[in-house]
$ cat structure.cif   # mmCIF, C-alpha atoms
data_my_file
#
loop_
_atom_site.label_atom_id
_atom_site.label_comp_id
_atom_site.auth_asym_id
_atom_site.auth_seq_id
_atom_site.Cartn_x
_atom_site.Cartn_y
_atom_site.Cartn_z
CA MET A 1 2.18 19.70 7.36
CA ARG A 2 5.17 19.66 5.03
CA ARG A 3 7.48 20.72 7.88
CA ALA A 4 6.17 17.94 10.12
CA ALA A 5 6.65 15.36 7.38
CA LEU A 6 10.22 16.51 6.82
CA ARG A 7 10.93 16.24 10.56
CA LEU A 8 9.61 12.67 10.52
CA CYS A 9 11.80 11.89 7.49
CA ALA A 10 14.82 13.26 9.40
CA LEU A 11 13.90 11.20 12.46
CA ARG A 12 13.59 7.99 10.44
CA LYS A 13 16.97 8.70 8.83
CA GLU A 14 18.50 9.26 12.30
CA LEU A 15 17.22 5.88 13.46
CA LEU A 16 19.35 4.24 10.78
CA ILE A 17 22.60 5.54 12.28
CA PRO A 18 24.44 2.64 14.00
CA GLY A 19 24.44 2.96 17.77
CA ARG A 20 21.29 5.11 17.88
CA GLY A 21 17.57 4.52 18.08
CA LEU A 22 16.36 1.22 16.68
CA THR A 23 19.65 -0.13 15.35
CA GLN A 24 21.32 -0.90 18.64
CA GLY A 25 21.07 -4.64 18.06
CA SER A 26 23.35 -6.77 15.91
CA GLN A 27 23.14 -6.16 12.16
CA ASP A 28 23.32 -9.94 11.65
CA GLU A 29 19.97 -10.27 13.42
CA THR A 30 18.21 -7.58 11.40
CA GLY A 31 19.69 -7.72 7.89
CA PHE A 32 18.17 -9.71 5.00
CA HIS A 33 18.70 -10.01 1.27
CA ILE A 34 15.50 -9.37 -0.67
CA GLN A 35 15.42 -12.99 -1.86
CA GLU A 36 15.59 -14.23 1.74
CA VAL A 37 12.41 -12.47 2.87
CA ARG A 38 9.85 -14.83 1.32
CA ASP A 39 11.97 -17.85 2.32
CA LYS A 40 12.09 -16.60 5.91
CA LEU A 41 8.30 -16.15 5.95
CA ARG A 42 7.77 -19.71 4.68
CA GLU A 43 10.07 -20.98 7.41
CA ILE A 44 8.20 -19.04 10.12
CA VAL A 45 4.78 -20.47 9.21
CA GLY A 46 5.91 -23.85 7.88
CA ALA A 47 4.67 -23.22 4.36
CA SER A 48 5.75 -25.54 1.57
CA THR A 49 7.28 -24.32 -1.68
CA ASN A 50 5.47 -27.17 -3.42
CA TRP A 51 1.84 -26.38 -4.27
CA LYS A 52 0.68 -29.99 -3.98
CA ASP A 53 1.84 -30.06 -0.32
CA HIS A 54 -0.19 -27.01 0.72
CA VAL A 55 -3.10 -29.00 2.19
CA LYS A 56 -0.75 -31.03 4.41
CA ALA A 57 1.06 -27.87 5.54
CA MET A 58 -2.19 -26.17 6.54
CA GLU A 59 -3.31 -29.28 8.43
CA GLU A 60 -0.08 -29.16 10.44
CA ARG A 61 -0.78 -25.54 11.37
CA LYS A 62 -3.98 -26.60 13.15
CA LEU A 63 -1.78 -28.13 15.85
CA LEU A 64 -0.45 -24.66 16.70
CA HIS A 65 -3.77 -23.40 18.12
CA SER A 66 -2.80 -24.43 21.64
CA PHE A 67 0.15 -22.02 21.58
CA LEU A 68 -2.03 -18.93 21.02
CA ALA A 69 -2.26 -16.51 23.96
CA LYS A 70 -5.60 -16.34 25.75
CA SER A 71 -5.02 -12.64 26.50
CA GLN A 72 -2.49 -9.97 25.62
CA LYS A 73 -1.28 -9.92 29.23
CA GLU A 74 0.23 -13.37 28.72
CA LEU A 75 2.64 -12.03 26.10
CA PRO A 76 5.92 -10.26 26.93
CA PRO A 77 6.08 -6.59 25.87
CA ARG A 78 8.41 -5.67 23.04
CA ARG A 79 10.42 -2.63 22.00
CA MET A 80 10.51 -1.13 18.52
CA LYS A 81 14.08 -2.30 18.03
CA ASP A 82 12.94 -5.91 18.53
CA SER A 83 11.05 -5.81 15.22
CA TYR A 84 13.49 -3.58 13.30
CA ILE A 85 14.88 -5.15 10.15
CA GLU A 86 16.70 -3.99 7.03
CA VAL A 87 16.40 -5.62 3.63
CA LEU A 88 18.85 -5.06 0.79
CA LEU A 89 17.75 -5.01 -2.85
CA PRO A 90 21.18 -5.02 -4.56
CA LEU A 91 20.25 -3.79 -8.02
CA GLY A 92 23.70 -2.25 -8.43
CA SER A 93 25.90 -4.96 -6.96
CA GLU A 94 23.83 -7.89 -8.35
CA PRO A 95 22.82 -6.89 -11.91
CA GLU A 96 21.01 -10.22 -12.47
CA LEU A 97 18.19 -8.90 -10.25
CA ARG A 98 17.53 -5.84 -12.43
CA GLU A 99 15.35 -7.33 -15.13
CA LYS A 100 12.52 -8.09 -12.70
CA TYR A 101 12.50 -4.44 -11.59
CA LEU A 102 13.30 -2.72 -14.89
CA THR A 103 10.95 -0.51 -16.94
CA VAL A 104 11.39 0.23 -20.63
CA GLN A 105 12.40 3.78 -19.62
CA ASN A 106 15.31 2.34 -17.57
CA THR A 107 13.70 3.13 -14.21
CA VAL A 108 12.47 0.93 -11.33
CA ARG A 109 9.01 -0.66 -11.43
CA PHE A 110 6.98 0.70 -8.54
CA GLY A 111 4.64 -2.28 -8.71
CA ARG A 112 7.54 -4.55 -7.73
CA ILE A 113 8.37 -2.22 -4.84
CA LEU A 114 4.80 -2.60 -3.57
CA GLU A 115 5.27 -6.38 -3.54
CA ASP A 116 8.48 -6.04 -1.53
CA LEU A 117 6.89 -3.65 0.96
CA ASP A 118 4.02 -6.07 1.56
CA SER A 119 6.40 -8.95 2.32
CA LEU A 120 8.59 -6.72 4.50
CA GLY A 121 5.59 -5.56 6.55
CA VAL A 122 4.59 -9.15 7.34
CA LEU A 123 8.15 -10.15 8.30
CA VAL A 124 8.48 -7.11 10.60
CA CYS A 125 5.37 -8.23 12.49
CA TYR A 126 6.68 -11.78 12.85
CA MET A 127 9.84 -10.31 14.37
CA HIS A 128 7.68 -8.42 16.87
CA THR A 129 5.70 -11.53 17.83
CA LYS A 130 8.62 -13.96 17.72
CA ASN A 131 8.61 -16.78 20.29
CA ASP A 132 12.05 -18.37 20.48
CA SER A 133 10.63 -21.52 22.09
CA LEU A 134 8.53 -22.35 19.00
CA LYS A 135 9.84 -23.51 15.65
CA MET A 136 6.77 -22.17 13.81
CA SER A 137 4.61 -19.18 14.66
CA PRO A 138 0.99 -19.94 15.63
CA LEU A 139 -0.02 -16.56 14.17
CA SER A 140 -1.21 -15.83 10.66
CA ILE A 141 -0.23 -12.22 9.96
CA VAL A 142 -1.85 -10.53 6.98
CA THR A 143 -2.04 -7.03 5.53
CA ALA A 144 -5.23 -5.22 6.54
CA LEU A 145 -4.55 -1.74 5.18
CA VAL A 146 -2.01 0.30 3.28
CA ASP A 147 -2.56 3.52 5.20
CA LYS A 148 -0.13 5.71 3.29
CA ILE A 149 2.84 5.63 0.94
CA ASP A 150 4.52 8.96 0.21
CA MET A 151 7.25 9.43 -2.36
CA CYS A 152 10.25 11.71 -1.85
CA LYS A 153 11.99 13.72 -4.58
CA LYS A 154 14.61 11.14 -5.39
CA SER A 155 15.15 9.16 -8.57
CA LEU A 156 14.93 5.39 -8.60
CA SER A 157 17.80 4.08 -10.65
CA PRO A 158 17.91 0.40 -11.62
CA GLU A 159 21.69 0.53 -11.31
CA GLN A 160 21.98 1.52 -7.63
CA ASP A 161 21.33 -0.60 -4.54
CA ILE A 162 18.09 -0.09 -2.63
CA LYS A 163 17.59 -0.64 1.09
CA PHE A 164 14.32 -1.10 2.96
CA SER A 165 13.90 -0.68 6.70
CA GLY A 166 10.88 -1.30 8.89
CA HIS A 167 9.64 -1.76 12.43
CA VAL A 168 6.39 -1.95 14.39
CA SER A 169 5.44 1.56 15.53
CA TRP A 170 2.09 0.98 17.24
CA VAL A 171 0.16 -2.04 18.56
CA GLY A 172 -3.47 -2.70 19.44
CA LYS A 173 -4.77 -6.04 20.68
CA SER A 174 -4.46 -7.89 17.38
CA SER A 175 -3.35 -5.15 15.00
CA MET A 176 0.08 -3.62 14.36
CA GLU A 177 1.12 -0.49 12.53
CA VAL A 178 4.36 -0.88 10.58
CA LYS A 179 6.53 2.03 9.50
CA MET A 180 8.76 1.35 6.51
CA GLN A 181 11.19 3.42 4.54
CA MET A 182 13.06 2.86 1.33
CA PHE A 183 16.48 4.31 0.54
CA GLN A 184 18.64 4.30 -2.57
CA LEU A 185 22.39 4.56 -2.72
CA HIS A 186 23.64 7.89 -4.05
CA GLY A 187 27.41 8.12 -3.88
CA ASN A 188 28.32 6.70 -0.48
CA GLU A 189 25.03 7.47 1.23
CA PHE A 190 21.59 5.82 1.29
CA CYS A 191 19.07 8.65 0.71
CA PRO A 192 15.32 8.48 1.56
CA VAL A 193 13.03 7.68 -1.36
CA LEU A 194 9.77 6.47 0.15
CA ASP A 195 7.92 6.44 3.48
CA ALA A 196 5.14 3.89 4.06
CA THR A 197 2.66 3.02 6.79
CA PHE A 198 0.91 -0.37 6.74
CA VAL A 199 -1.54 -1.89 9.20
CA MET A 200 -1.23 -5.64 9.72
CA VAL A 201 -3.50 -7.95 11.71
CA ALA A 202 -2.73 -11.19 13.54
CA ARG A 203 -5.09 -14.10 13.17
CA ASP A 204 -5.07 -17.66 14.46
CA ALA A 205 -3.06 -20.51 12.96
CA GLU A 206 -5.72 -21.23 10.32
CA ASN A 207 -6.37 -17.56 9.54
CA LYS A 208 -9.98 -17.84 10.74
CA GLY A 209 -10.15 -15.50 13.74
CA PRO A 210 -8.23 -12.71 15.52
CA ALA A 211 -5.26 -13.45 17.78
CA PHE A 212 -3.47 -11.39 20.42
CA VAL A 213 -0.05 -9.85 19.77
CA ASN A 214 2.71 -8.65 22.09
CA PRO A 215 2.21 -5.17 23.53
CA LEU A 216 4.67 -2.44 22.51
CA ILE A 217 6.59 -0.23 24.95
CA PRO A 218 8.30 2.92 23.56
CA GLY A 219 11.91 3.11 24.73
CA ASN A 220 12.73 6.80 24.26
CA VAL A 221 11.27 10.16 23.23
CA GLU A 222 11.49 9.39 19.50
CA GLU A 223 9.67 6.09 19.92
CA GLU A 224 7.02 7.75 22.11
CA GLU A 225 6.40 10.20 19.26
CA LEU A 226 6.07 7.36 16.74
CA PHE A 227 3.67 5.51 19.06
CA ARG A 228 1.62 8.68 19.59
CA GLN A 229 1.47 9.15 15.82
CA GLY A 230 0.18 5.57 15.52
CA GLU A 231 -2.64 6.40 17.93
CA LEU A 232 -3.45 9.52 15.91
CA ASN A 233 -3.44 7.52 12.68
CA LYS A 234 -5.95 5.09 14.17
CA GLY A 235 -8.19 8.01 15.16
CA LYS A 236 -7.93 9.55 11.70
CA ARG A 237 -8.91 6.25 10.07
CA ILE A 238 -11.97 5.96 12.30
CA ALA A 239 -12.96 9.58 11.60
CA PHE A 240 -12.40 9.17 7.85
CA SER A 241 -14.51 6.01 7.83
CA SER A 242 -17.33 7.60 9.84
CA THR A 243 -17.63 10.46 7.33
CA SER A 244 -17.48 8.16 4.30
CA LEU A 245 -19.82 9.15 1.49
CA LEU A 246 -21.24 5.63 1.75
CA LYS A 247 -22.48 6.59 5.24
CA MET A 248 -23.01 10.35 5.26
CA ALA A 249 -24.14 13.01 2.81
CA PRO A 250 -21.51 15.38 1.38
CA SER A 251 -20.76 18.59 3.24
CA ALA A 252 -22.40 21.86 2.19
CA GLU A 253 -19.20 22.92 0.44
CA GLU A 254 -18.99 19.63 -1.43
CA ARG A 255 -22.63 19.85 -2.48
CA ASN A 256 -22.00 23.33 -3.85
CA THR A 257 -18.98 22.05 -5.77
CA ILE A 258 -21.02 19.33 -7.45
CA HIS A 259 -23.91 21.67 -8.24
CA GLU A 260 -21.56 24.26 -9.80
CA MET A 261 -19.96 21.55 -11.92
CA PHE A 262 -23.41 20.38 -13.01
CA LEU A 263 -24.47 23.90 -13.97
CA SER A 264 -21.27 24.44 -15.95
CA THR A 265 -22.14 21.45 -18.17
CA LEU A 266 -25.68 22.53 -19.10
CA ASP A 267 -26.16 23.47 -22.73
CA PRO A 268 -26.91 27.25 -22.83
CA LYS A 269 -28.85 26.76 -26.08
CA THR A 270 -31.54 24.73 -24.35
CA ILE A 271 -33.55 25.12 -21.17
CA SER A 272 -33.10 21.53 -20.03
CA PHE A 273 -31.35 19.61 -17.28
CA GLN A 274 -30.89 16.70 -19.69
CA SER A 275 -28.76 18.46 -22.30
CA ARG A 276 -25.14 18.35 -21.16
CA VAL A 277 -21.99 19.69 -22.82
CA LEU A 278 -18.39 19.58 -21.65
CA PRO A 279 -16.51 22.79 -20.81
CA PRO A 280 -13.18 23.39 -22.60
CA ASN A 281 -10.28 21.11 -21.62
CA ALA A 282 -12.51 18.61 -19.85
CA VAL A 283 -13.58 14.97 -20.19
CA TRP A 284 -16.46 12.94 -18.82
CA MET A 285 -15.40 10.74 -15.95
CA GLU A 286 -16.94 7.66 -17.56
CA SER A 287 -14.56 7.97 -20.54
CA THR A 288 -11.48 7.47 -18.34
CA LYS A 289 -12.20 3.84 -17.41
CA LEU A 290 -9.83 0.96 -18.08
CA LYS A 291 -10.39 -2.68 -17.11
CA SER A 292 -8.37 -5.87 -16.83
CA LEU A 293 -8.83 -9.53 -15.90
CA GLU A 294 -6.37 -11.81 -14.12
CA VAL A 295 -6.59 -15.56 -13.59
CA CYS A 296 -5.22 -16.21 -10.08
CA HIS A 297 -2.70 -19.04 -10.47
CA PRO A 298 -0.86 -20.85 -7.62
CA GLN A 299 2.36 -19.09 -8.63
CA GLU A 300 1.03 -15.87 -7.04
CA ARG A 301 0.06 -17.44 -3.71
CA ASN A 302 1.19 -16.17 -0.33
CA ILE A 303 2.40 -18.25 2.61
CA PHE A 304 -1.22 -19.01 3.57
CA ASN A 305 -2.19 -20.21 0.08
CA ARG A 306 -4.23 -17.18 -0.83
CA ILE A 307 -3.27 -14.71 -3.55
CA PHE A 308 -0.36 -12.53 -2.41
CA GLY A 309 -1.52 -9.01 -1.47
CA GLY A 310 1.56 -7.49 -3.09
CA PHE A 311 0.56 -9.08 -6.41
CA LEU A 312 -2.89 -7.48 -6.14
CA MET A 313 -1.31 -4.10 -5.43
CA ARG A 314 1.08 -4.42 -8.35
CA LYS A 315 -1.67 -5.28 -10.82
CA ALA A 316 -3.90 -2.49 -9.52
CA TYR A 317 -1.07 0.01 -9.65
CA GLU A 318 -0.07 -0.87 -13.20
CA LEU A 319 -3.66 -0.47 -14.39
CA ALA A 320 -3.94 2.84 -12.53
CA TRP A 321 -0.69 4.07 -14.08
CA ALA A 322 -1.96 3.22 -17.57
CA THR A 323 -5.22 5.04 -16.77
CA ALA A 324 -3.34 8.16 -15.68
CA CYS A 325 -1.08 8.09 -18.75
CA ASN A 326 -4.08 7.61 -21.02
CA LEU A 327 -5.73 10.74 -19.64
CA GLY A 328 -2.64 12.91 -19.48
CA GLY A 329 -1.25 11.93 -22.87
CA SER A 330 2.23 11.58 -21.36
CA ARG A 331 4.11 9.57 -18.75
CA SER A 332 2.75 9.85 -15.24
CA PHE A 333 4.68 9.49 -11.99
CA VAL A 334 3.34 8.14 -8.72
CA VAL A 335 3.19 10.64 -5.86
CA ALA A 336 1.20 8.84 -3.17
CA VAL A 337 -0.73 5.68 -2.38
CA ASP A 338 -3.28 5.60 0.41
CA ASP A 339 -6.23 3.86 2.03
CA ILE A 340 -5.91 0.45 0.38
CA MET A 341 -8.25 -1.73 2.40
CA PHE A 342 -7.99 -5.53 2.07
CA GLN A 343 -11.63 -6.44 2.61
CA LYS A 344 -11.59 -10.07 1.49
CA PRO A 345 -8.85 -12.59 0.66
CA VAL A 346 -8.55 -13.71 -2.95
CA GLU A 347 -8.62 -17.48 -3.38
CA ILE A 348 -6.38 -19.31 -5.82
CA GLY A 349 -8.28 -20.10 -9.01
CA SER A 350 -10.42 -16.96 -8.78
CA LEU A 351 -11.04 -14.58 -11.65
CA LEU A 352 -9.81 -11.14 -10.60
CA PHE A 353 -11.60 -8.18 -12.23
CA LEU A 354 -9.90 -4.78 -11.95
CA SER A 355 -11.64 -1.55 -12.95
CA SER A 356 -9.69 1.72 -12.95
CA GLN A 357 -11.07 5.24 -13.28
CA VAL A 358 -9.82 8.80 -12.95
CA CYS A 359 -12.02 10.42 -10.32
CA PHE A 360 -10.33 13.77 -9.72
CA THR A 361 -7.75 16.02 -11.39
CA GLN A 362 -6.08 19.29 -10.50
CA ASN A 363 -3.42 21.02 -12.58
CA ASN A 364 -1.06 18.13 -13.44
CA TYR A 365 -2.26 15.81 -10.64
CA ILE A 366 -4.41 12.76 -11.36
CA GLN A 367 -6.32 10.82 -8.70
CA VAL A 368 -7.12 7.25 -9.77
CA ARG A 369 -9.39 4.74 -8.06
CA VAL A 370 -9.13 1.01 -8.80
CA HIS A 371 -11.93 -1.34 -7.78
CA SER A 372 -11.10 -5.03 -7.41
CA GLU A 373 -13.59 -7.87 -7.33
CA VAL A 374 -13.43 -11.64 -7.70
CA ALA A 375 -15.61 -14.44 -8.99
CA SER A 376 -15.01 -18.17 -9.00
CA LEU A 377 -15.53 -20.41 -12.01
CA GLN A 378 -18.34 -22.18 -10.15
CA ASN A 379 -20.00 -19.10 -8.68
CA LYS A 380 -20.37 -16.13 -11.02
CA GLU A 381 -21.29 -13.73 -8.22
CA HIS A 382 -18.78 -10.86 -8.02
CA MET A 383 -17.48 -9.79 -4.59
CA THR A 384 -15.39 -6.70 -3.83
CA THR A 385 -11.97 -7.48 -2.37
CA ASN A 386 -10.10 -4.17 -2.51
CA VAL A 387 -10.36 -0.51 -3.40
CA PHE A 388 -7.08 1.20 -4.30
CA HIS A 389 -6.29 4.92 -4.37
CA PHE A 390 -3.29 6.31 -6.28
CA THR A 391 -2.12 9.88 -6.85
CA PHE A 392 -0.09 10.55 -10.00
CA MET A 393 1.57 13.59 -11.50
CA SER A 394 1.75 14.16 -15.23
CA GLU A 395 4.47 15.99 -17.13
CA LYS A 396 1.89 18.51 -18.28
CA GLU A 397 -1.46 19.89 -17.15
CA VAL A 398 -4.29 17.40 -17.56
CA PRO A 399 -7.98 17.86 -18.43
CA LEU A 400 -10.58 18.28 -15.71
CA VAL A 401 -12.90 15.31 -15.17
CA TYR A 402 -16.64 15.91 -14.89
CA PRO A 403 -19.16 13.49 -13.38
CA LYS A 404 -22.45 12.85 -15.14
CA THR A 405 -24.35 10.86 -12.53
CA TYR A 406 -24.81 11.18 -8.78
CA GLY A 407 -22.70 8.06 -8.26
CA GLU A 408 -19.85 9.57 -10.27
CA SER A 409 -20.23 12.79 -8.27
CA MET A 410 -19.59 10.81 -5.09
CA LEU A 411 -16.51 9.24 -6.70
CA TYR A 412 -15.32 12.74 -7.59
CA LEU A 413 -15.71 13.98 -4.01
CA ASP A 414 -14.06 10.86 -2.62
CA GLY A 415 -11.12 11.37 -5.00
CA GLN A 416 -10.90 15.01 -3.95
CA ARG A 417 -10.77 13.96 -0.29
CA HIS A 418 -7.95 11.48 -0.92
CA PHE A 419 -6.03 14.05 -2.93
CA SER A 420 -6.42 16.64 -0.18
CA SER A 421 -5.07 14.18 2.40
CA MET A 422 -1.75 13.89 0.54
CA SER A 423 1.05 14.81 2.95
CA ILE A 424 3.58 16.49 0.67
CA PRO A 425 2.55 17.74 -2.79
CA VAL A 426 5.78 17.23 -4.71
CA SER A 427 7.15 19.16 -7.66
CA LEU A 428 8.01 17.26 -10.81
CA ARG A 429 11.77 17.14 -11.32
CA LYS A 430 13.92 15.45 -13.90
CA ASP A 431 15.36 13.10 -11.28
CA TYR A 432 11.89 12.04 -10.06
CA ARG A 433 11.11 8.82 -11.90
CA VAL A 434 8.97 6.07 -10.42
CA GLU A 435 6.97 4.01 -12.92
CA PRO A 436 5.27 0.61 -13.24
#
$ encode --input "structure.cif" --output "structure tokens"
Amino acid sequence: MRRAALRLCALRKELLIPGRGLTQGSQDETGFHIQEVRDKLREIVGASTNWKDHVKAMEERKLLHSFLAKSQKELPPRRMKDSYIEVLLPLGSEPELREKYLTVQNTVRFGRILEDLDSLGVLVCYMHTKNDSLKMSPLSIVTALVDKIDMCKKSLSPEQDIKFSGHVSWVGKSSMEVKMQMFQLHGNEFCPVLDATFVMVARDAENKGPAFVNPLIPGNVEEEELFRQGELNKGKRIAFSSTSLLKMAPSAEERNTIHEMFLSTLDPKTISFQSRVLPPNAVWMESTKLKSLEVCHPQERNIFNRIFGGFLMRKAYELAWATACNLGGSRSFVVAVDDIMFQKPVEIGSLLFLSSQVCFTQNNYIQVRVHSEVASLQNKEHMTTNVFHFTFMSEKEVPLVYPKTYGESMLYLDGQRHFSSMSIPVSLRKDYRVEP
């Protein structure tokens, strides 16, 4: 698996070479400054920068319904290079940008990178579905899933420029898989730092129902491989969902794991299932929880006047990082992010409740799950909006976590499954620094 991942990393790097793969078009058509991305998205959908004008802007979007395709066959097919864009984050050449991205340890805030990736993914999809005859797009494109984010063994310095690249790699009827990579300048070369796969969905002008998107035609062998991988990813997601512990009982091996953990916590001095003691170098799962509350202000809205998905990811990540550090007793470093499902949009004015918990550990790895739910001031009913999964690595070996209840046992097994799905277990190096 590691060899395959490295081949993909080499392929993605090859596609960045001018004159090859996806970069055959003009750089002027594909290059953006990081500060231009959100402005470009507002222009595409006709969103106002003034909060008090948002109702009028959304009313105007209703007029775009007539421009939606009745079937996918009506839309012209696209190539991967049509959606390819590069975005520059000039931390080195424009020092005034650094403070937003800076940690107290003089590294780059990964939570801010998540925000940038979310915006980039949406813009990539608008490039794929672009209709030159229309001033505004009739589509509302939103993030449905963060399928995977894998970190490479490269440092993130706040004093060197960063470059993002992305393109659509697979298309369904209304969904699009987006491949993105992040590079940082080392000497005279941009070196790979991060590889990400997002799934975006297209909805109608008012974001109320699905809408068709342009089909995708691979243009060469490399693109055919990326498209095939997109099909495989879809199949894996369906298989993973069908075997969810919310739908099916654990496997025999998993049941044995939980039973052995339970037996190891029984007090040998008593003959009782109720008397529980922790083994050496272990903690109860319930003791690893951290919680936070956010008031969702208009400042954090997206182009459709809901709370920006990147903001939700940043807040969830920062809480998860604190949870991992609290358990490990030292700084933790993000290794992977996966399976972030956006189940429900978060309305402006909502109360956002985040609950973070360590659900699995192994050696110096920490698997953290963050549950997000919202409630309005008028309606106190809590509704789940997201579940986030983060894999961290600590500077030293961390305690084992033990579940007490059956529900916690399911969280443990779910965390173990996410940890096992990690593409490339990385080794902690001095130059590997990615923090909140």
$ closest_residue --input "structure.cif" --among "A:Ser376, A:Leu134, A:Asn363, A:Glu231" --to "Glu43 (chain A)" --atoms "all atoms listed in the file"
A:Leu134
$ resolve_selection --input "structure.cif" --expression "the PyMOL selection byres ((chain A and resi 194) around 9)" --output "number ranges by chain"
A: 149-154, 180-183, 192-193, 195-196
$ resolve_selection --input "structure.cif" --expression "the PyMOL selection byres ((chain A and resi 141) around 7)" --output "list in words"
Val122, Leu139, Ser140, Val142, Met200, Val201, Ala202 and Arg203 of chain A
$ residues_around --input "structure.cif" --residues "Gln274 (chain A)" --least-positions-apart "2" --cutoff "12 Å" --atoms "only C-alpha atoms" --output "list in words"
Phe262, Leu263, Thr265, Leu266, Asp267, Pro268, Thr270, Ile271, Ser272, Arg276, Val277, Lys404 and Thr405 of chain A
$ write_last_selection --input "structure.cif" --atoms "C-alpha atoms" --output "short mmCIF file (atom, residue, chain, number, x, y, z; two decimals), in the frame of the given file"
data_model
loop_
_atom_site.label_atom_id
_atom_site.label_comp_id
_atom_site.auth_asym_id
_atom_site.auth_seq_id
_atom_site.Cartn_x
_atom_site.Cartn_y
_atom_site.Cartn_z
CA PHE A 262 -23.41 20.38 -13.01
CA LEU A 263 -24.47 23.90 -13.97
CA THR A 265 -22.14 21.45 -18.17
CA LEU A 266 -25.68 22.53 -19.10
CA ASP A 267 -26.16 23.47 -22.73
CA PRO A 268 -26.91 27.25 -22.83
CA THR A 270 -31.54 24.73 -24.35
CA ILE A 271 -33.55 25.12 -21.17
CA SER A 272 -33.10 21.53 -20.03
CA ARG A 276 -25.14 18.35 -21.16
CA VAL A 277 -21.99 19.69 -22.82
CA LYS A 404 -22.45 12.85 -15.14
CA THR A 405 -24.35 10.86 -12.53
#
$ atom_distance --input "structure.cif" --atom1 "CA of Gly111 (chain A)" --atom2 "CA of Leu377 (chain A)"
27.3 Å
$ residues_around --input "structure.cif" --residues "Lys234 (chain A)" --least-positions-apart "6" --cutoff "10 Å" --atoms "only C-alpha atoms" --output "mmCIF file with C-alpha atoms, keeping the file's coordinate frame"
data_model
loop_
_atom_site.group_PDB
_atom_site.id
_atom_site.type_symbol
_atom_site.label_atom_id
_atom_site.label_comp_id
_atom_site.auth_asym_id
_atom_site.auth_seq_id
_atom_site.Cartn_x
_atom_site.Cartn_y
_atom_site.Cartn_z
ATOM 1 C CA ASP A 147 -2.560 3.520 5.200
ATOM 2 C CA TRP A 170 2.090 0.980 17.240
ATOM 3 C CA GLY A 172 -3.470 -2.700 19.440
ATOM 4 C CA GLU A 177 1.120 -0.490 12.530
ATOM 5 C CA VAL A 199 -1.540 -1.890 9.200
ATOM 6 C CA ARG A 228 1.620 8.680 19.590
ATOM 7 C CA PHE A 240 -12.400 9.170 7.850
#
$ resolve_selection --input "structure.cif" --expression "the PyMOL selection byres ((chain A and resi 330) around 12)" --output "list of chain:residue names"
A:Trp321, A:Ala322, A:Thr323, A:Ala324, A:Cys325, A:Asn326, A:Leu327, A:Gly328, A:Gly329, A:Arg331, A:Ser332, A:Phe333, A:Asn364, A:Phe392, A:Met393, A:Ser394, A:Glu395, A:Lys396, A:Glu397, A:Val398
$ residues_around --input "structure.cif" --residues "Thr197 (chain A)" --least-positions-apart "3" --cutoff "12 Å" --atoms "only C-alpha atoms" --output "ChimeraX atom specification"
/A:114,117-118,120-121,143-150,165-170,176-182,194,200,226,229-230,233-234,336-340
$ atom_distance --input "structure.cif" --atom1 "CA of Ser292 (chain A)" --atom2 "CA of Leu400 (chain A)"
24.3 Å
$ residues_around --input "structure.cif" --residues "region 350-362 of chain A" --least-positions-apart "4" --cutoff "8 Å" --atoms "all atoms listed in the file" --output "MDAnalysis selection string"
chainID A and resid 285:286 288:296 316 319:320 323:324 346 366:377 398:401 408 411:416
$ atom_distance --input "structure.cif" --atom1 "CA of Asp161 (chain A)" --atom2 "CA of Thr107 (chain A)"
12.9 Å
$ closest_residue --input "structure.cif" --among "A:Phe110, A:Phe164, A:Phe419, A:Phe67" --to "Leu89 (chain A)" --atoms "all atoms listed in the file"
A:Phe164
$ residues_around --input "structure.cif" --residues "Leu41 (chain A)" --least-positions-apart "2" --cutoff "9 Å" --atoms "all atoms listed in the file" --output "list in words"
Glu36, Val37, Arg38, Asp39, Glu43, Ile44, Val45, Gly46, Ala47, Ser119, Val122, Leu123, Tyr126 and Ile303 of chain A
$ closest_residue --input "structure.cif" --among "A:Ile162, A:Met422, A:Met410, A:Ile307" --to "Thr257 (chain A)" --atoms "all atoms listed in the file"
A:Met410
$ closest_residue --input "structure.cif" --among "A:Asn214, A:Ser241, A:Asn256, A:Ser420" --to "Lys73 (chain A)" --atoms "all atoms listed in the file"
A:Asn214
$ closest_residue --input "structure.cif" --among "A:Val387, A:Ile348, A:Leu88, A:Val334" --to "Phe304 (chain A)" --atoms "only C-alpha atoms"
A:Ile348
$ closest_residue --input "structure.cif" --among "A:Gly235, A:Pro138, A:His389, A:Ser409" --to "His259 (chain A)" --atoms "all atoms listed in the file"
A:Ser409
